[in-house]
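*Asks:* My structure is below; once you've seen it, I'll send some questions.
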Amino acid sequence: MIQFRMPSLGADMDAGTLVEWYRKPGDQVSHGDIIALVETQKGAIEIEVFNDGTLDRIEVEPGHKVPVGTVLATIREPGEAASTALEPAAAAAPAPEVAPPTAPRPRPTAAPPPPAERVEGRAKVTPVARRRAAEAGIDLAAVAAGPDGVVGLAEVEAARRAAPETGAPAAAPRRIGIDLGEMRKAIAAAMSRSHRDIPHYWVSQTIDVTPLFDWLEAENARRPVASRLLYAAPLAKAMALALKETPQLNGHFVDDAFVPAGAVHLGVATALRGGGLVAPALHEVDTLSLDAVMAGLGDMIPRARSGRLRSSELTDATATLSNLGEGTSDAIMPLIYPPQVAIIGCGAAALRPWVADGVLAVRRVITVTVAGDHRVSDGRSASRFLTRLDALLQAPEAL
Amino acid sequence: MSGTRRITYREAVREALREALTRDDRVFLMGEDVGAYGGAYACSLGLLDEFGDDRIRNTPLAESGFTGAGIGAALGGMRPIVEIMTINFSLLALDQIVNNAATIRHMSGGQFSVPLVIRMATGAGRQLAAQHSHSLEGWFAHVPGLRVVAPATVADARGMLWTALQDPDPVVIMEHATLYNEEGDVPEDEDLAVDLDRAAIRRAGDAATIVTYSANLKKALAATDELAGEGIECEIIDLRSLRPLDDQTIMTSIAKTHRAVIVDEGWRSGSLAAEISARIQEQAFYELDAPVERVCSVEVPIPYPQHLEQAAIPQPHAIAAAVRKTLRR
Amino acid sequence: MSEADDRVHLTHEHALHLLREMTRIRRFEEKCAELYSGSKIRGFLHLYIGEEANAVGVMQALTEEDAVVATYREHGHALARGLPMNEVMAEMFGKASGSSGGRGGSMHIFSARHRFYGGNAIVAGGLPLAVGLALADKMQGRDRVTCCFFGEGAAAEGEFHEAMNLAALWKLPVLFVCENNLYAMGTALARSESNTDIRAHAAVFGMESEIVDGMDVVAVEAAARRAVHAVRRGEGPRFLETRTYRFRAHSMFDPDLYRPKEEVEEWRKKGPIVRFTDWILGTRLVHPDHVAALENEIAEEIGAAVAFAEEAPWEPVEELTRDVTTPRGAEVTA
């Protein structure tokens with residue numbers, strides 16, 4: 001019997017509220033299936049299962065907040081007999097790894113909401129809700145879905161009622177979704193820990209990105225509007241390639257030891273409207289085509305803003321990119337998001353006097369700053385990374 | 001408006017036949033056992049004595065032959081009413097209905113119309129098993145050149161026949177066999193004609209639109225009674241005309257409710273319900289707040305045992321559940 | 001009507017009329033085959049060549065008030081019934097000036113003013129219609145006959161038996177004319193009927209019947225007059241089997257593999273036009289100059305019909321859905 005536990009979705013998560021089960025006892029589950037929805041400080045997150053088997057019994061009913069590590073359900077491995085115990089299995093189950101539940105095992109409460117269809121990819125917005133939102137100037141990304149994962153007329157109307165005076169896009173009252181106050185607390189905890197525990201160093205380099213912008217302009221001119229590339233895509237790809245060659249910056253520091261990561265799952269720091277920040281991971285960026293990176297960002301960022309990320313996206317990042325992109329700030333000195341060991345900050349791309357081949361010219365440049373964890377690497381690693389990144393960005397067509 | 005009186009659906013059909021035979025001497029009734037037997041469902045009981053065997057014309061068991069004869073008689077200036085005992089038997093006459101009645105106006109470049117009325121009993125619910133219980137209304141509704149109507153109420157059964165006889169083209173009237181014993185009110189008025197072009201709103205509400213026809217109207221009403229107890233007020237549309245469909249009434253209602261449940265005793269695949277669902281998607285997509293739900297018959301020939309028969313066809317609880325689903329409850 | 005009406009009065013004028021009608025059909029269809037090859041006519045084209053004596057002979061016995069229901073091999077019936085050749089040719093072209101407005105084509109020629117009820121491309125599909133037309137006449141006390149043509153292949157269909165039974169049961173004024181050309185498409189009669197005596201089916205329903213040489217226009221006319229007269233007298237339906245043969249294949253796209261060439265040649269020698277021409281010339285009822293003049297007139301008529309069809313307008317595609325149902329408020333025909 002496999003214990004399916006409240007996952008740790010980040011260093012700053014200590015508990016989560018089970019919102020909904022997508023599967024019921026007796027259902028087959030496979031590695032990668034999304035089987036539950038958990039509300040965290042960072043929003044509602046869909047939880048994957050990492051085993052094959054049959055959902056045996058549900059231990060935590062919707063509506064209950066339990067610590068990370070609490071057994072949420074048991075999963076029968078293929079060939080294993082169903083549990084026949086009539087008594088709650090909590091007493092017999094091994095203690096949770098992180099912290100024991102502080103509350104008694106919840107009694108079954110009112111019937112849980114009916115299992116909803118799996119929500120993935122594009123948000124489920126009903127046609128009339130979409131139309132009404134457009135008419136009312138409501139940003140659908142800021143409207144929380146109902147318990148079934150659907151944004152319907154009711155949710156849009158609620159959002160509209162919530163901000164009637166200004167007429168400005170308004171966030172809906174949240175049953176689930178992003179609670180910005182909670183999120184600020186979580187960021188505070190994580191960054192305090194980072195600042196306290198990680199001996200940071202910072203290394204910066206200014207890179208000429210004129211070739212990248214020229215190439216993007218030419219490339220986009222020949223593409224249909226729908227498949228045009230944004231600057232962030234080649235930047236993320238180049239970083240992933242450079243990280244792949246600088247393993248000391250790519251991985252996690254756990255239990256007083258560095259665990260390098262095989263793949264590059266690049267966390268993309270995403271500012272949320274109204275404040276707050278999440279950095280969901282785009283997986284294996286070093287292996288993706290530019291189009292795939294673009295598609296991945298296009299899918300993930302809106303979901304991040306509407307609070308519908310998957311658990312793996314919140315836990316898997318091996319390094320983080322924080323790009324100020326369209327702002328005007330020259331440089332950023334970021335703090336590492338534990339347990340990662342590096343974060344790369346990019347200032348805005350700006351026109352600056354630049355000497356190339358002994359001649360002064362006006363070029364578009366960015367200042368890239370690597371924050372590294374001195375327990376794992378030194379400034380030389382960061383410098384090597386930046387040199388490699390510079391080289392990659394000079395030949396964008398090869399990305 | 002004068003008062004109403006209460007009669008059965010069967011009596012309504014019989015009164016309508018009597019009225020038509022009395023008002024228009026071109027009208028005659030033709031079919032299997034419509035004479036001395038009084039009709040398989042007793043709709044023409046007593047009419048033989050009143051109108052004689054020329055106009056209450058008993059036929060041999062030859063659906064294609066007598067339906068074709070009805071077409072010919074219509075071409076020859078009569079206003080025949082052909083009764084086909086059940087919709088399953090109408091398959092023996094499909095050649096005449098589809099290849100002649102529906103096409104002659106077109107093939108002749110508009111020179112000949114076929115003012116024929118065909119009545120047939122349809123539907124399940126009487127444990128008559130797989131050759132007397134089907135709902136194939138959708139097949140007929142597929143065919144251009146035909147008009148297909150389904151009286152769901154006693155008043156419509158009373159009024160639709162005369163309206164159908166005024167139509168210059170072939171009209172097929174679908175009478176669900178479980179309705180014949182139903183009682184209902186009909187107006188005392190002289191003129192009972194029913195507008196065949198418009199669907200009827202049988203119950204007003206704003207939570208969801210239930211689109212149905214024929215005997216399933218009863219079940220839809222039962223479902224809405226149940227739902228009303230939960231504070232859910234549904235609108236019910238009785239299509240009345242299955243071809244042409246009154247799209248406007250359907251779409252107007254959905255613009256109000258944003259949800260649709262279609263109840264159709266036909267099998268789901270390729271059903272009338274499928275057609276209506278497609279039209280809603282085409283014409284009211286941006287009004288929808290939930291996927292269109294369908295409550296249709298299970299895809300099995302209608303079985304004989306009562307519990308299986310009832311399990312095969314739409315039921316009020318399934319309709320109520322479909323409504324709740326559109327409301328995400 | 002007197003018994004005299006049953007007999008054919010073969011005057012010079014009548015002989016020339018019969019020859020003209022048969023020759024019109026023959027030359028019209030020969031032209032159609034040519035136009036088909038030139039893609040002016042499309043779809044199926046079933047030629048009546050060889051069988052002209054049947055339509056021409058039977059039509060002599062009908063009045064304008066009577067009704068005709070025909071098959072998909074009905075060009076001959078339409079022309080013999082009096083439909084203008086221009087309209088029939090335009091229909092073959094699918095033009096708006098065609099007898100059915102172009103909507104029907106070769107297999108669906110209709111004409112309300114000639115009480116010509118098609119052109120039915122379902123084998124035996126027209127028989128129940130004929131029964132109904134006759135039923136309407138009988139119920140309304142009209143002295144009219146409905147003449148229904150079909151091939152011997154129809155005898156295998158259920159509708160044939162249903163319709164024959166109804167007509168006999170209700171003693172309806174129908175003349176059933178079975179043009180027995182021995183092949184239902186490519187299937188010889190003996191391969192499709194357990195009893196190759198088609199007339200026996202009529203006997204089952206107690207219907208009077210007669211067999212006639214369908215290659216002899218005078219014999220057909222005489223038999224048709226006898227039958228129509230009986231029907232009009234109220235004696236109920238009659239059944240006439242004409243023994244005939246089509247010289248050409250079933251349709252244009254038929255290699256004619258199912259019958260020996262020698263058989264076709266044997267029948268050609270008995271061809272209705274050659275035989276009748278020889279006879280009326282031999283008896284000096286008609287002079288060869290008349291025959292030559294008649295051919296010239298027909299050639300002119302056909303030339304004019306082709307020109308009419310060529311020049312006739314196509315129906316605008318905007319009118320595609322016209323004539324599916326009757327416009328509201330329109331008068332009902334019939």
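In the structure tokens, chains take the letters A, B, ... in the order shown, each chain's residues start at 1, and ligands count up from 1 in the order shown.
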Using only C-alpha atoms, find which residues of chain A lie within 7 Å of chain B and jot them down as a ChimeraX atom specification.
*Replies:* /A:126-129,131,152-153
*Asks:* Which residues are close to A:Leu212, i.e. within 8 Å by only C-alpha atoms, leaving aside same-chain residues fewer than 6 positions away? Reply as a VMD selection string.
*Replies:* chain A and resid 393 to 396
*Asks:* Take the selection from the previous step and output its residues with N, CA and C atoms, as a compact mmCIF listing (two decimals), in the first residue's frame.
*Replies:*
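Writing done, so here's selection-v2.txt:
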```txt
# COMPACT_ATOMS: atom_id res chain seq x y z
N LEU A 393 23.79 34.09 -26.74
CA LEU A 393 22.88 35.16 -27.17
C LEU A 393 23.39 35.89 -28.41
N GLN A 394 24.67 35.71 -28.73
CA GLN A 394 25.18 36.35 -29.94
C GLN A 394 24.77 35.56 -31.20
N ALA A 395 24.36 34.33 -31.00
CA ALA A 395 23.96 33.51 -32.16
C ALA A 395 22.55 32.96 -31.94
N PRO A 396 21.56 33.84 -31.89
CA PRO A 396 20.21 33.39 -31.50
C PRO A 396 19.63 32.36 -32.47
```
*Asks:* Select from stretch 263-321 of chain B everything DSSP, run on the backbone, classes as alpha helix (DSSP H), then give the selection as a list in words.
*Replies:* Leu272, Ala273, Ala274, Glu275, Ile276, Ser277, Ala278, Arg279, Ile280, Gln281, Glu282, Gln283, Ala284, Gln306, His307, Leu308, Glu309, Gln310, Ala311, Ala312, Pro316, His317, Ala318, Ile319, Ala320 and Ala321 of chain B
*Asks:* Tell me which of C:Ala309, C:Val56, C:Ala80, C:Val131 sits closest to chain B, counting only C-alpha atoms.
*Replies:*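 The shortest atom-to-atom distance to chain B comes from C:Val131.
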*Asks:* Give the answer as one residue: which of B:Gly35, B:Gly70, B:Gly109, B:Pro187 has the shortest atom-to-atom distance to C:Ser111, using only C-alpha atoms?
*Replies:* B:Gly109
*Asks:* Tell me which protein, DNA and RNA residues are within 12 Å of A:Glu135, counting only C-alpha atoms, leaving out same-chain ones fewer than 4 positions away, and put them as a PyMOL selection string.
*Replies:* chain A and resi 128-131+139-140+156-157+160+167+169
*Asks:* Just the residues within 9 Å of stretch 119-128 of chain C, please, counting only C-alpha atoms, with nothing from its chain fewer than 2 positions along; format it as a ChimeraX atom specification.
*Replies:* /B:64-72,95-96,99-100,107 /C:69-75,78,104,106-110,116-117,130-133,148-151,153-160,162-164,166-167,176
*Asks:* Between B:Lys219, B:Leu136, B:Glu235, B:Ala177, which one has atoms that come closest to B:Arg268, using only C-alpha atoms?
*Replies:*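 Smallest distance to B:Arg268 is found for B:Leu136.
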*Asks:* Can you check which parts of chain B lie within 10 Å of chain C? Per residue, the shortest pair of atoms and distance in Å to one decimal, counting only C-alpha atoms, sorted by chain and number, as a Markdown table.
*Replies:*
```
| residue | atom | partner | partner_atom | distance |
| --- | --- | --- | --- | --- |
| B:Asp25 | CA | C:Gln140 | CA | 9.5 |
| B:Arg26 | CA | C:Gln140 | CA | 8.3 |
| B:Phe28 | CA | C:Met139 | CA | 9.7 |
| B:Asp54 | CA | C:Met139 | CA | 7.6 |
| B:Arg55 | CA | C:Met139 | CA | 8.7 |
| B:Arg57 | CA | C:Trp170 | CA | 9.9 |
| B:Thr59 | CA | C:Leu166 | CA | 7.9 |
| B:Pro60 | CA | C:Leu166 | CA | 7.6 |
| B:Leu61 | CA | C:Glu162 | CA | 8.5 |
| B:Ala62 | CA | C:Glu162 | CA | 5.7 |
| B:Glu63 | CA | C:Glu162 | CA | 8.4 |
| B:Ser64 | CA | C:Glu159 | CA | 6.3 |
| B:Gly65 | CA | C:Glu162 | CA | 5.0 |
| B:Phe66 | CA | C:Pro128 | CA | 6.9 |
| B:Thr67 | CA | C:Pro128 | CA | 7.7 |
| B:Gly68 | CA | C:Pro128 | CA | 4.5 |
| B:Ala69 | CA | C:Gly132 | CA | 3.6 |
| B:Gly70 | CA | C:Gly132 | CA | 5.6 |
| B:Ile71 | CA | C:Leu129 | CA | 6.0 |
| B:Gly72 | CA | C:Gly132 | CA | 3.8 |
| B:Ala73 | CA | C:Gly132 | CA | 4.1 |
| B:Ala74 | CA | C:Gly132 | CA | 7.6 |
| B:Leu75 | CA | C:Ala334 | CA | 5.9 |
| B:Gly76 | CA | C:Leu133 | CA | 4.9 |
| B:Gly77 | CA | C:Ala334 | CA | 5.0 |
| B:Met78 | CA | C:Ala136 | CA | 6.0 |
| B:Arg79 | CA | C:Ala136 | CA | 9.3 |
| B:Pro80 | CA | C:Ala136 | CA | 9.4 |
| B:Leu92 | CA | C:Gly158 | CA | 9.8 |
| B:Ala93 | CA | C:Glu159 | CA | 9.4 |
| B:Asp95 | CA | C:Gly125 | CA | 7.6 |
| B:Gln96 | CA | C:Gly125 | CA | 7.0 |
| B:Asn99 | CA | C:Ile122 | CA | 7.7 |
| B:Asn100 | CA | C:Gly125 | CA | 7.8 |
| B:Ala101 | CA | C:Leu129 | CA | 9.7 |
| B:Ala102 | CA | C:Val324 | CA | 7.9 |
| B:Thr103 | CA | C:Val324 | CA | 7.5 |
| B:Ile104 | CA | C:Gly118 | CA | 8.6 |
| B:Arg105 | CA | C:Asp323 | CA | 6.0 |
| B:His106 | CA | C:Asp323 | CA | 4.9 |
| B:Met107 | CA | C:Gly104 | CA | 4.7 |
| B:Ser108 | CA | C:Ser100 | CA | 4.6 |
| B:Gly109 | CA | C:Ser100 | CA | 4.3 |
| B:Gly110 | CA | C:Asp323 | CA | 5.1 |
| B:Gln111 | CA | C:Ala112 | CA | 6.0 |
| B:Phe112 | CA | C:Thr333 | CA | 5.6 |
| B:Ser113 | CA | C:Thr333 | CA | 6.1 |
| B:Val114 | CA | C:Val332 | CA | 8.6 |
| B:Pro115 | CA | C:Val332 | CA | 8.0 |
| B:Pro144 | CA | C:Val324 | CA | 6.6 |
| B:Gly145 | CA | C:Val324 | CA | 5.0 |
| B:Leu146 | CA | C:Thr325 | CA | 7.7 |
| B:Arg147 | CA | C:Thr325 | CA | 8.8 |
| B:Asp167 | CA | C:Thr326 | CA | 8.5 |
| B:Pro168 | CA | C:Val332 | CA | 5.9 |
| B:Asp169 | CA | C:Thr325 | CA | 6.3 |
| B:Pro170 | CA | C:Thr325 | CA | 8.8 |
```
*Asks:* Mind checking which residues fall within 9 Å of stretch 357-364 of chain A, counting only C-alpha atoms, ignoring those fewer than 2 positions away in the same chain, and posting them as a PDB file with C-alpha atoms, in the first residue's frame?
*Replies:*
```
ATOM      1  CA  ILE A 207      25.543  41.563 -22.572  1.00  0.00           C
ATOM      2  CA  ASP A 208      24.897  43.007 -26.026  1.00  0.00           C
ATOM      3  CA  VAL A 209      21.499  41.653 -27.107  1.00  0.00           C
ATOM      4  CA  THR A 210      21.239  43.649 -30.337  1.00  0.00           C
ATOM      5  CA  PRO A 211      21.786  40.504 -32.459  1.00  0.00           C
ATOM      6  CA  PHE A 213      16.537  41.600 -31.043  1.00  0.00           C
ATOM      7  CA  ALA A 349      16.997  45.695 -22.231  1.00  0.00           C
ATOM      8  CA  ALA A 350      18.086  49.259 -22.858  1.00  0.00           C
ATOM      9  CA  LEU A 351      19.967  51.250 -25.515  1.00  0.00           C
ATOM     10  CA  ARG A 352      23.434  52.190 -24.256  1.00  0.00           C
ATOM     11  CA  PRO A 353      26.740  53.429 -25.694  1.00  0.00           C
ATOM     12  CA  TRP A 354      28.781  50.327 -26.370  1.00  0.00           C
ATOM     13  CA  VAL A 355      32.274  49.665 -27.672  1.00  0.00           C
ATOM     14  CA  ILE A 366      21.019  43.779 -20.617  1.00  0.00           C
TER      15      ILE A 366
END
```
*Asks:* Counting only C-alpha atoms, what is within 8 Å of stretch 280-295 of chain C, bar same-chain residues fewer than 6 positions away, as a PyMOL selection string?
*Replies:* chain C and resi 11-12+15-16+20+23
*Asks:* Return the single residue from C:Met185, C:Val264, C:Met89, C:Cys147 that is closest to C:Leu172, with distances computed using only C-alpha atoms.
*Replies:*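 Answer, going by the shortest atom-to-atom distance: C:Cys147.
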*Asks:* List the neighbours of stretch 197-200 of chain B out to 12 Å using only C-alpha atoms; skip same-chain residues closer than 3 positions along the sequence, and give me the result as a ChimeraX atom specification.
*Replies:* /B:147-153,156,160,163-164,167,193-194,203-204,210-214,217,235-253 /C:328
*Asks:* How would the residues just picked look written out with C-alpha atoms as a PDB file, in the first residue's frame?
*Replies:*
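Once everything was written out, this is again.pdb:
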```pdb
ATOM      1  CA  ARG B 147     -43.553  18.296 -42.166  1.00  0.00           C
ATOM      2  CA  VAL B 148     -43.413  16.314 -38.935  1.00  0.00           C
ATOM      3  CA  VAL B 149     -45.466  17.226 -35.879  1.00  0.00           C
ATOM      4  CA  ALA B 150     -45.892  15.620 -32.468  1.00  0.00           C
ATOM      5  CA  PRO B 151     -48.906  16.630 -30.371  1.00  0.00           C
ATOM      6  CA  ALA B 152     -47.895  16.313 -26.722  1.00  0.00           C
ATOM      7  CA  THR B 153     -51.112  17.572 -25.201  1.00  0.00           C
ATOM      8  CA  ASP B 156     -52.785  19.755 -29.598  1.00  0.00           C
ATOM      9  CA  MET B 160     -53.276  19.716 -35.030  1.00  0.00           C
ATOM     10  CA  THR B 163     -54.096  22.437 -39.290  1.00  0.00           C
ATOM     11  CA  ALA B 164     -52.209  19.569 -40.881  1.00  0.00           C
ATOM     12  CA  ASP B 167     -51.053  22.119 -45.344  1.00  0.00           C
ATOM     13  CA  ALA B 193     -56.611  24.901 -35.008  1.00  0.00           C
ATOM     14  CA  VAL B 194     -53.048  24.834 -33.701  1.00  0.00           C
ATOM     15  CA  ARG B 203     -43.554  26.140 -18.271  1.00  0.00           C
ATOM     16  CA  ALA B 204     -41.611  29.337 -17.772  1.00  0.00           C
ATOM     17  CA  ILE B 210     -35.641  21.765 -21.315  1.00  0.00           C
ATOM     18  CA  VAL B 211     -36.420  21.067 -24.962  1.00  0.00           C
ATOM     19  CA  THR B 212     -38.673  18.094 -25.556  1.00  0.00           C
ATOM     20  CA  TYR B 213     -41.668  16.829 -27.492  1.00  0.00           C
ATOM     21  CA  SER B 214     -44.450  14.297 -27.376  1.00  0.00           C
ATOM     22  CA  LEU B 217     -43.251  16.542 -22.001  1.00  0.00           C
ATOM     23  CA  GLU B 235     -38.384  26.534 -18.832  1.00  0.00           C
ATOM     24  CA  ILE B 236     -39.931  23.737 -20.875  1.00  0.00           C
ATOM     25  CA  ILE B 237     -40.241  23.965 -24.637  1.00  0.00           C
ATOM     26  CA  ASP B 238     -42.587  21.544 -26.355  1.00  0.00           C
ATOM     27  CA  LEU B 239     -41.335  21.479 -29.931  1.00  0.00           C
ATOM     28  CA  ARG B 240     -44.681  20.468 -31.482  1.00  0.00           C
ATOM     29  CA  SER B 241     -43.115  20.647 -34.936  1.00  0.00           C
ATOM     30  CA  LEU B 242     -40.102  18.377 -35.395  1.00  0.00           C
ATOM     31  CA  ARG B 243     -39.636  19.567 -38.944  1.00  0.00           C
ATOM     32  CA  PRO B 244     -39.241  22.419 -39.396  1.00  0.00           C
ATOM     33  CA  LEU B 245     -37.811  23.204 -35.976  1.00  0.00           C
ATOM     34  CA  ASP B 246     -38.721  26.465 -34.309  1.00  0.00           C
ATOM     35  CA  ASP B 247     -35.157  27.589 -33.693  1.00  0.00           C
ATOM     36  CA  GLN B 248     -36.210  31.021 -32.578  1.00  0.00           C
ATOM     37  CA  THR B 249     -38.183  29.889 -29.550  1.00  0.00           C
ATOM     38  CA  ILE B 250     -35.336  27.630 -28.465  1.00  0.00           C
ATOM     39  CA  MET B 251     -32.634  30.259 -28.839  1.00  0.00           C
ATOM     40  CA  THR B 252     -34.691  32.973 -27.175  1.00  0.00           C
ATOM     41  CA  SER B 253     -35.141  30.758 -24.154  1.00  0.00           C
TER      42      SER B 253
ATOM     43  CA  ARG C 328     -47.445  29.516 -47.728  1.00  0.00           C
TER      44      ARG C 328
END
```
